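Below is coords_22.txt, holding compact mmCIF, C-alpha atoms.
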# COMPACT_ATOMS: atom_id res chain seq x y z
CA MET B 1 3.05 27.97 17.13
CA TRP B 2 5.45 25.09 17.90
CA ASP B 3 4.34 25.07 21.55
CA LYS B 4 0.76 24.35 20.39
CA LEU B 5 1.78 21.27 18.43
CA LEU B 6 0.30 18.13 19.98
CA GLY B 7 2.54 15.71 18.16
CA ILE B 8 3.92 14.53 14.85
CA GLY B 9 2.62 11.48 12.99
CA LEU B 10 5.24 9.92 10.74
CA GLY B 11 4.80 7.12 8.22
CA ILE B 12 7.66 4.63 7.88
CA VAL B 13 8.16 2.43 4.82
CA GLY B 14 8.17 -1.18 6.01
CA PRO B 15 6.98 -2.79 9.24
CA LEU B 16 7.57 -1.50 12.75
CA ASP B 17 8.04 -3.45 15.95
CA PRO B 18 4.99 -3.78 18.26
CA SER B 19 6.13 -0.73 20.27
CA LEU B 20 5.95 1.38 17.07
CA GLN B 21 9.45 2.72 17.71
CA LYS B 22 11.81 0.66 15.54
CA THR B 23 11.82 -0.76 12.03
CA ILE B 24 12.08 -4.50 11.55
CA VAL B 25 12.88 -6.58 8.50
CA PRO B 26 11.81 -6.89 5.76
CA SER B 27 12.35 -3.19 5.11
CA PRO B 28 13.91 -1.15 2.32
CA PHE B 29 15.98 0.46 5.08
CA ALA B 30 17.59 -2.62 6.59
CA GLY B 31 20.39 -0.51 8.06
CA TRP B 32 17.84 1.13 10.35
CA ALA B 33 16.63 -2.17 11.83
CA GLY B 34 16.65 -1.96 15.62
CA VAL B 35 17.28 1.79 15.72
CA ASN B 36 14.85 3.57 18.05
CA ILE B 37 13.68 6.13 15.50
CA GLN B 38 10.85 7.39 17.69
CA GLN B 39 13.16 8.16 20.60
CA ALA B 40 15.71 9.90 18.38
CA LEU B 41 13.05 12.13 16.82
CA VAL B 42 11.51 13.03 20.18
CA GLN B 43 14.93 14.08 21.45
CA ALA B 44 15.70 16.08 18.32
CA LEU B 45 12.33 17.80 17.94
CA GLY B 46 11.21 18.15 21.54
CA VAL B 47 7.67 17.05 20.76
CA LEU B 48 5.85 13.72 20.89
CA VAL B 49 6.32 11.66 17.72
CA TYR B 50 4.05 8.78 16.70
CA LEU B 51 5.42 6.33 14.16
CA GLU B 52 3.32 4.03 12.04
CA ASN B 53 3.77 1.94 8.93
CA ASP B 54 2.94 4.04 5.87
CA GLY B 55 0.31 1.61 4.59
CA ASN B 56 -1.39 1.61 7.98
CA LEU B 57 -1.48 5.42 7.96
CA GLY B 58 -3.07 5.39 4.51
CA ALA B 59 -5.68 2.92 5.73
CA LEU B 60 -6.40 5.10 8.77
CA GLY B 61 -6.67 8.23 6.63
CA GLU B 62 -9.14 6.68 4.18
CA SER B 63 -11.08 4.95 6.98
CA ARG B 64 -11.55 8.10 9.04
CA TYR B 65 -11.68 10.85 6.44
CA GLY B 66 -12.03 9.24 3.01
CA VAL B 67 -14.03 6.78 0.98
CA GLY B 68 -13.95 4.19 3.77
CA ARG B 69 -15.43 6.35 6.51
CA ASP B 70 -18.60 4.22 6.71
CA GLU B 71 -16.92 0.83 6.27
CA GLN B 72 -16.33 -1.74 8.99
CA ASN B 73 -13.89 -3.90 7.03
CA MET B 74 -11.58 -2.40 4.44
CA ILE B 75 -8.32 -3.16 2.62
CA TYR B 76 -6.12 -0.22 1.64
CA VAL B 77 -3.44 -0.66 -1.02
CA LYS B 78 -0.99 2.01 -2.18
CA VAL B 79 0.74 1.16 -5.44
CA GLY B 80 3.78 3.25 -6.23
CA SER B 81 7.49 2.58 -5.79
CA GLY B 82 6.39 -0.37 -3.68
CA VAL B 83 3.06 -1.91 -2.72
CA ALA B 84 1.97 -0.86 0.77
CA GLY B 85 -1.15 -2.10 2.50
CA GLY B 86 -3.27 -1.60 5.57
CA LEU B 87 -6.17 -3.58 7.02
CA ILE B 88 -9.18 -2.09 8.79
CA LEU B 89 -11.14 -4.85 10.54
CA ASN B 90 -14.20 -4.07 12.65
CA LYS B 91 -13.39 -0.37 12.18
CA GLN B 92 -9.97 -0.83 13.84
CA LEU B 93 -6.50 -0.90 12.33
CA TYR B 94 -5.25 -4.49 12.38
CA ARG B 95 -1.49 -4.80 12.94
CA GLY B 96 -1.26 -8.51 13.66
CA ASP B 97 0.68 -10.34 16.37
CA LYS B 98 4.09 -8.77 15.64
CA GLY B 99 3.00 -5.69 13.71
CA MET B 100 3.51 -7.39 10.36
CA ALA B 101 -0.09 -7.39 9.10
CA GLY B 102 -0.76 -5.54 5.87
CA GLU B 103 2.53 -6.40 4.11
CA ILE B 104 0.62 -6.99 0.90
CA GLY B 105 3.64 -6.14 -1.23
CA HIS B 106 5.37 -9.29 0.00
CA ILE B 107 2.65 -11.76 -0.94
CA PRO B 108 4.46 -14.32 -3.14
CA ILE B 109 2.99 -14.04 -6.61
CA ASP B 110 5.68 -15.30 -9.03
CA PHE B 111 7.82 -18.11 -7.64
CA ASN B 112 10.26 -17.79 -10.54
CA GLY B 113 10.36 -14.02 -10.27
CA THR B 114 13.02 -11.47 -9.42
CA LEU B 115 14.66 -10.90 -6.04
CA CYS B 116 12.82 -8.55 -3.66
CA HIS B 117 14.58 -6.39 -1.07
CA CYS B 118 13.05 -8.64 1.60
CA GLY B 119 15.25 -11.49 0.39
CA GLN B 120 12.47 -13.53 -1.23
CA TYR B 121 11.73 -13.99 -4.92
CA GLY B 122 8.61 -12.98 -6.81
CA CYS B 123 6.88 -10.77 -4.24
CA LEU B 124 3.92 -8.75 -5.51
CA GLU B 125 6.04 -5.61 -5.15
CA THR B 126 8.54 -6.89 -7.73
CA VAL B 127 5.90 -7.08 -10.46
CA ALA B 128 3.37 -4.39 -9.48
CA GLY B 129 5.71 -1.76 -8.03
CA LYS B 130 7.08 0.98 -10.31
CA SER B 131 10.37 -0.77 -11.02
CA GLY B 132 8.64 -4.01 -12.02
CA ILE B 133 6.20 -2.24 -14.34
CA LEU B 134 8.99 -0.18 -15.88
CA MET B 135 11.20 -3.23 -16.38
CA GLU B 136 8.42 -5.08 -18.20
CA ALA B 137 7.56 -2.08 -20.39
CA ARG B 138 11.23 -1.50 -21.30
CA ARG B 139 11.65 -5.16 -22.19
CA LEU B 140 9.31 -4.56 -25.11
CA ASN B 141 9.93 -0.85 -25.68
CA PRO B 142 13.42 0.36 -24.63
CA ALA B 143 12.44 3.97 -25.36
CA ILE B 144 10.34 4.01 -22.18
CA MET B 145 12.37 5.63 -19.40
CA THR B 146 10.07 6.30 -16.41
CA ILE B 147 6.79 5.09 -14.93
CA THR B 148 5.29 8.41 -16.06
CA ASP B 149 6.32 7.49 -19.59
CA VAL B 150 4.63 4.10 -19.18
CA ILE B 151 1.32 5.65 -18.13
CA SER B 152 1.44 8.36 -20.80
CA ALA B 153 2.37 5.90 -23.54
CA ALA B 154 -0.32 3.46 -22.43
CA ARG B 155 -2.94 6.19 -22.71
CA GLU B 156 -1.76 6.72 -26.30
CA GLY B 157 -2.06 3.00 -27.03
CA ASP B 158 1.56 1.85 -26.80
CA PRO B 159 1.28 -1.97 -26.66
CA ALA B 160 4.32 -2.45 -24.40
CA SER B 161 3.09 0.04 -21.81
CA VAL B 162 -0.48 -1.26 -21.89
CA HIS B 163 0.83 -4.79 -21.43
CA ALA B 164 3.04 -3.81 -18.46
CA LEU B 165 0.19 -2.06 -16.65
CA GLU B 166 -2.33 -4.80 -17.40
CA ARG B 167 0.16 -7.39 -16.15
CA ALA B 168 0.57 -5.44 -12.90
CA GLY B 169 -3.22 -5.17 -12.57
CA LYS B 170 -3.61 -8.93 -12.96
CA TYR B 171 -0.99 -9.66 -10.31
CA LEU B 172 -2.62 -7.17 -7.95
CA GLY B 173 -5.94 -8.88 -8.60
CA PHE B 174 -4.53 -12.32 -7.75
CA ALA B 175 -3.09 -11.06 -4.46
CA LEU B 176 -6.25 -9.20 -3.53
CA ALA B 177 -8.46 -12.17 -4.41
CA SER B 178 -6.81 -14.20 -1.66
CA LEU B 179 -7.43 -11.39 0.81
CA VAL B 180 -11.05 -10.96 -0.26
CA ASN B 181 -11.68 -14.69 0.16
CA SER B 182 -9.93 -14.66 3.55
CA LEU B 183 -11.20 -11.42 5.08
CA ASN B 184 -14.43 -10.65 3.20
CA PRO B 185 -14.00 -6.85 3.23
CA SER B 186 -16.72 -4.55 2.00
CA LEU B 187 -14.23 -2.24 0.31
CA ILE B 188 -10.81 -2.23 -1.36
CA VAL B 189 -9.27 1.24 -1.61
CA LEU B 190 -6.53 1.73 -4.20
CA ASP B 191 -4.11 4.63 -3.87
CA GLY B 192 -0.73 5.70 -5.20
CA SER B 193 0.76 7.26 -8.32
CA THR B 194 0.39 4.12 -10.45
CA MET B 195 -3.38 4.36 -10.08
CA GLN B 196 -3.21 7.36 -12.41
CA ALA B 197 -3.30 4.73 -15.14
CA GLY B 198 -7.00 4.37 -14.32
CA GLU B 199 -8.95 1.70 -16.15
CA ILE B 200 -5.85 0.39 -17.92
CA ILE B 201 -4.76 -1.18 -14.62
CA LEU B 202 -8.17 -1.37 -12.93
CA ARG B 203 -9.91 -3.36 -15.64
CA PRO B 204 -7.64 -6.44 -15.42
CA LEU B 205 -7.56 -6.16 -11.63
CA ARG B 206 -11.35 -6.33 -11.42
CA SER B 207 -11.47 -9.12 -13.99
CA VAL B 208 -9.10 -11.31 -11.95
CA LEU B 209 -11.03 -10.56 -8.76
CA GLU B 210 -14.27 -11.65 -10.40
CA ALA B 211 -12.68 -14.83 -11.73
CA HIS B 212 -10.94 -15.91 -8.52
CA CYS B 213 -13.04 -14.63 -5.62
CA LEU B 214 -15.88 -16.59 -4.13
CA PRO B 215 -19.02 -15.16 -5.78
CA THR B 216 -20.58 -13.88 -2.56
CA SER B 217 -17.34 -12.26 -1.45
CA PHE B 218 -16.81 -10.60 -4.82
CA THR B 219 -20.32 -9.19 -5.12
CA SER B 220 -20.12 -7.67 -1.64
CA THR B 221 -16.68 -6.05 -2.15
CA ARG B 222 -16.39 -2.71 -3.92
CA VAL B 223 -13.13 -1.51 -5.48
CA MET B 224 -12.61 2.25 -5.34
CA ILE B 225 -9.86 4.83 -5.83
CA ALA B 226 -8.80 6.67 -2.67
CA GLU B 227 -10.80 9.80 -1.98
CA GLN B 228 -7.87 11.43 -0.19
CA SER B 229 -5.32 10.47 -2.86
CA GLY B 230 -2.02 12.10 -2.02
CA ALA B 231 -3.19 13.03 1.48
CA ALA B 232 -4.41 9.73 2.96
CA MET B 233 -1.17 9.03 4.83
CA ALA B 234 -0.93 12.58 6.18
CA LEU B 235 -4.51 12.36 7.42
CA GLY B 236 -3.69 8.95 8.88
CA GLY B 237 -0.87 10.63 10.81
CA ILE B 238 -3.41 13.03 12.30
CA ALA B 239 -5.65 10.10 13.24
CA ALA B 240 -2.70 8.31 14.89
CA ILE B 241 -1.90 11.39 16.98
CA LEU B 242 -5.52 11.83 18.07
CA ASP B 243 -5.81 8.14 18.94
CA ALA B 244 -2.60 8.20 20.97
CA ILE B 245 -3.56 11.33 22.91
CA PHE B 246 -7.30 10.98 23.32
CA GLY B 247 -7.70 7.21 22.98

Please go through the file and, once you have read it, give me the structure as structure tokens.
Amino acid sequence: MWDKLLGIGLGIVGPLDPSLQKTIVPSPFAGWAGVNIQQALVQALGVLVYLENDGNLGALGESRYGVGRDEQNMIYVKVGSGVAGGLILNKQLYRGDKGMAGEIGHIPIDFNGTLCHCGQYGCLETVAGKSGILMEARRLNPAIMTITDVISAAREGDPASVHALERAGKYLGFALASLVNSLNPSLIVLDGSTMQAGEIILRPLRSVLEAHCLPTSFTSTRVMIAEQSGAAMALGGIAAILDAIFG
């Protein structure tokens, strides 16, 4: 069966260089910066390998095979350990001039905040990623140990956990409001394990969007949970392979 494999699509956490072969900073894997990962994998596996930023793959997966299949302009956000993003503009993945587009997790949101792995302080990822949510919940309830505990406790009404998730939702809303006002997408797709909190995090996110988006932009932008949750990036890998081979 291996000889029938057309290629492998692989999502990489953090941005890639324009050639889609090497990671560049900021990245959680700074030690890999400049390493030609694509070339190394091709040599090791003997098959074509297509690298892409993980947020971009999620955006491709939802755009081609998920809730965004009929949308021209879409923002994809995966909220989990970090905050990954991907932009679909005019039905095409938008990477930007140097491949850095979609780094939503590094939008500055709290100028007095904690240090991010990118070297800056107060990035969205530091307050809306799992570690930021967990830190805030544990500040008020030290018995909370994991993000799963946060979500479970919030569903049972634990004030500390509800506060931590609502706080993350508000920060996500602030960051997304700037993108809605700038890009005027028809759809925001939210993905990732933290979205299992449902309305606890979605309600404050929508509220902030309504308060801070231009009215016309807000009314024309829907916010939806990913249809291919858990599989969007894998499906995006398939789309990347098909695009690379068949154009």

Could you give me, as a tab-separated table, a per-residue list for region 118-229 of chain B showing, wherever an atom lies at most 9 Å from an atom of region 50-70 of chain B, the closest pair of atoms and their distance in Å to one decimal, using all atoms listed in the file and sorting by chain then residue number from low to high?
residue	atom	partner	partner_atom	distance
B:Leu187	CA	B:Gly68	CA	7.3
B:Ile188	CA	B:Gly68	CA	8.8
B:Val189	CA	B:Gly68	CA	7.7
B:Asp191	CA	B:Gly58	CA	8.5
B:Met224	CA	B:Val67	CA	7.9
B:Ile225	CA	B:Val67	CA	8.2
B:Ala226	CA	B:Val67	CA	6.4
B:Glu227	CA	B:Gly66	CA	5.2
B:Gln228	CA	B:Gly66	CA	5.7
B:Ser229	CA	B:Glu62	CA	8.9

**Report entry** Of the listed residues B:Leu93, B:Leu48, B:Val42, B:Ala211, that which approaches Ala239 (chain B) most closely, counting only C-alpha atoms
**Finding:** B:Leu93

Requested in this report: May I ask which of the residues B:Leu10, B:Leu190, B:Arg222, B:Gly129 is the closest one to Glu71 (chain B), counting all atoms listed in the file?
Outcome: B:Arg222

Query raised in the report: How many Å lie between CA of Val13 (chain B) and CA of Gly169 (chain B), rounded to one decimal?
Result: 22.1 Å

Report task. Just the residues within 8 Å of Ala197 (chain B), please, counting all atoms listed in the file, with nothing from its chain fewer than 5 positions along; format it as a list of chain:residue names. Result -> B:Ile151, B:Ala154, B:Arg155, B:Leu165

Requested in this report: Counting all atoms listed in the file, figure out which residue out of B:Ile12, B:Gly34, B:Gly119, B:Leu6 gets nearest to Ala234 (chain B).
Outcome: B:Ile12

Requested in this report: Identify the residues within 7 Å of coordinate (3.3, -13.2, -3.6) (same frame as the file), considering all atoms listed in the file, and give the answer as an MDAnalysis selection string.
Outcome: chainID B and resid 106:110 122:124 175

**Report entry** Test item: residues at most 7 Å from region 162-164 of chain B, all atoms listed in the file, excluding those fewer than 4 positions along its chain, as a PyMOL selection string
**Finding:** chain B and resi 133+136-137+154+157-158+168+200

Please save C-alpha atoms of the selected residues as a PDB file, in the coordinates of the input.
ATOM      1  CA  ILE B 133       6.200  -2.240 -14.340  1.00  0.00           C
ATOM      2  CA  GLU B 136       8.420  -5.080 -18.200  1.00  0.00           C
ATOM      3  CA  ALA B 137       7.560  -2.080 -20.390  1.00  0.00           C
ATOM      4  CA  ALA B 154      -0.320   3.460 -22.430  1.00  0.00           C
ATOM      5  CA  GLY B 157      -2.060   3.000 -27.030  1.00  0.00           C
ATOM      6  CA  ASP B 158       1.560   1.850 -26.800  1.00  0.00           C
ATOM      7  CA  ALA B 168       0.570  -5.440 -12.900  1.00  0.00           C
ATOM      8  CA  ILE B 200      -5.850   0.390 -17.920  1.00  0.00           C
TER       9      ILE B 200
END

Query raised in the report: What does the distance from CA of Ala128 (chain B) to CA of Asn90 (chain B) come to in Å, to one decimal?
Result: 28.3 Å

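Considering the residues B:Ala153, B:Ala143, B:Leu45, B:Leu176 and counting only C-alpha atoms, Val208 (chain B) has its shortest atom-to-atom contact with B:Leu176.
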
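Reported to one decimal place, the separation of CA of Lys130 (chain B) from CA of Thr146 (chain B) is 8.6 Å.
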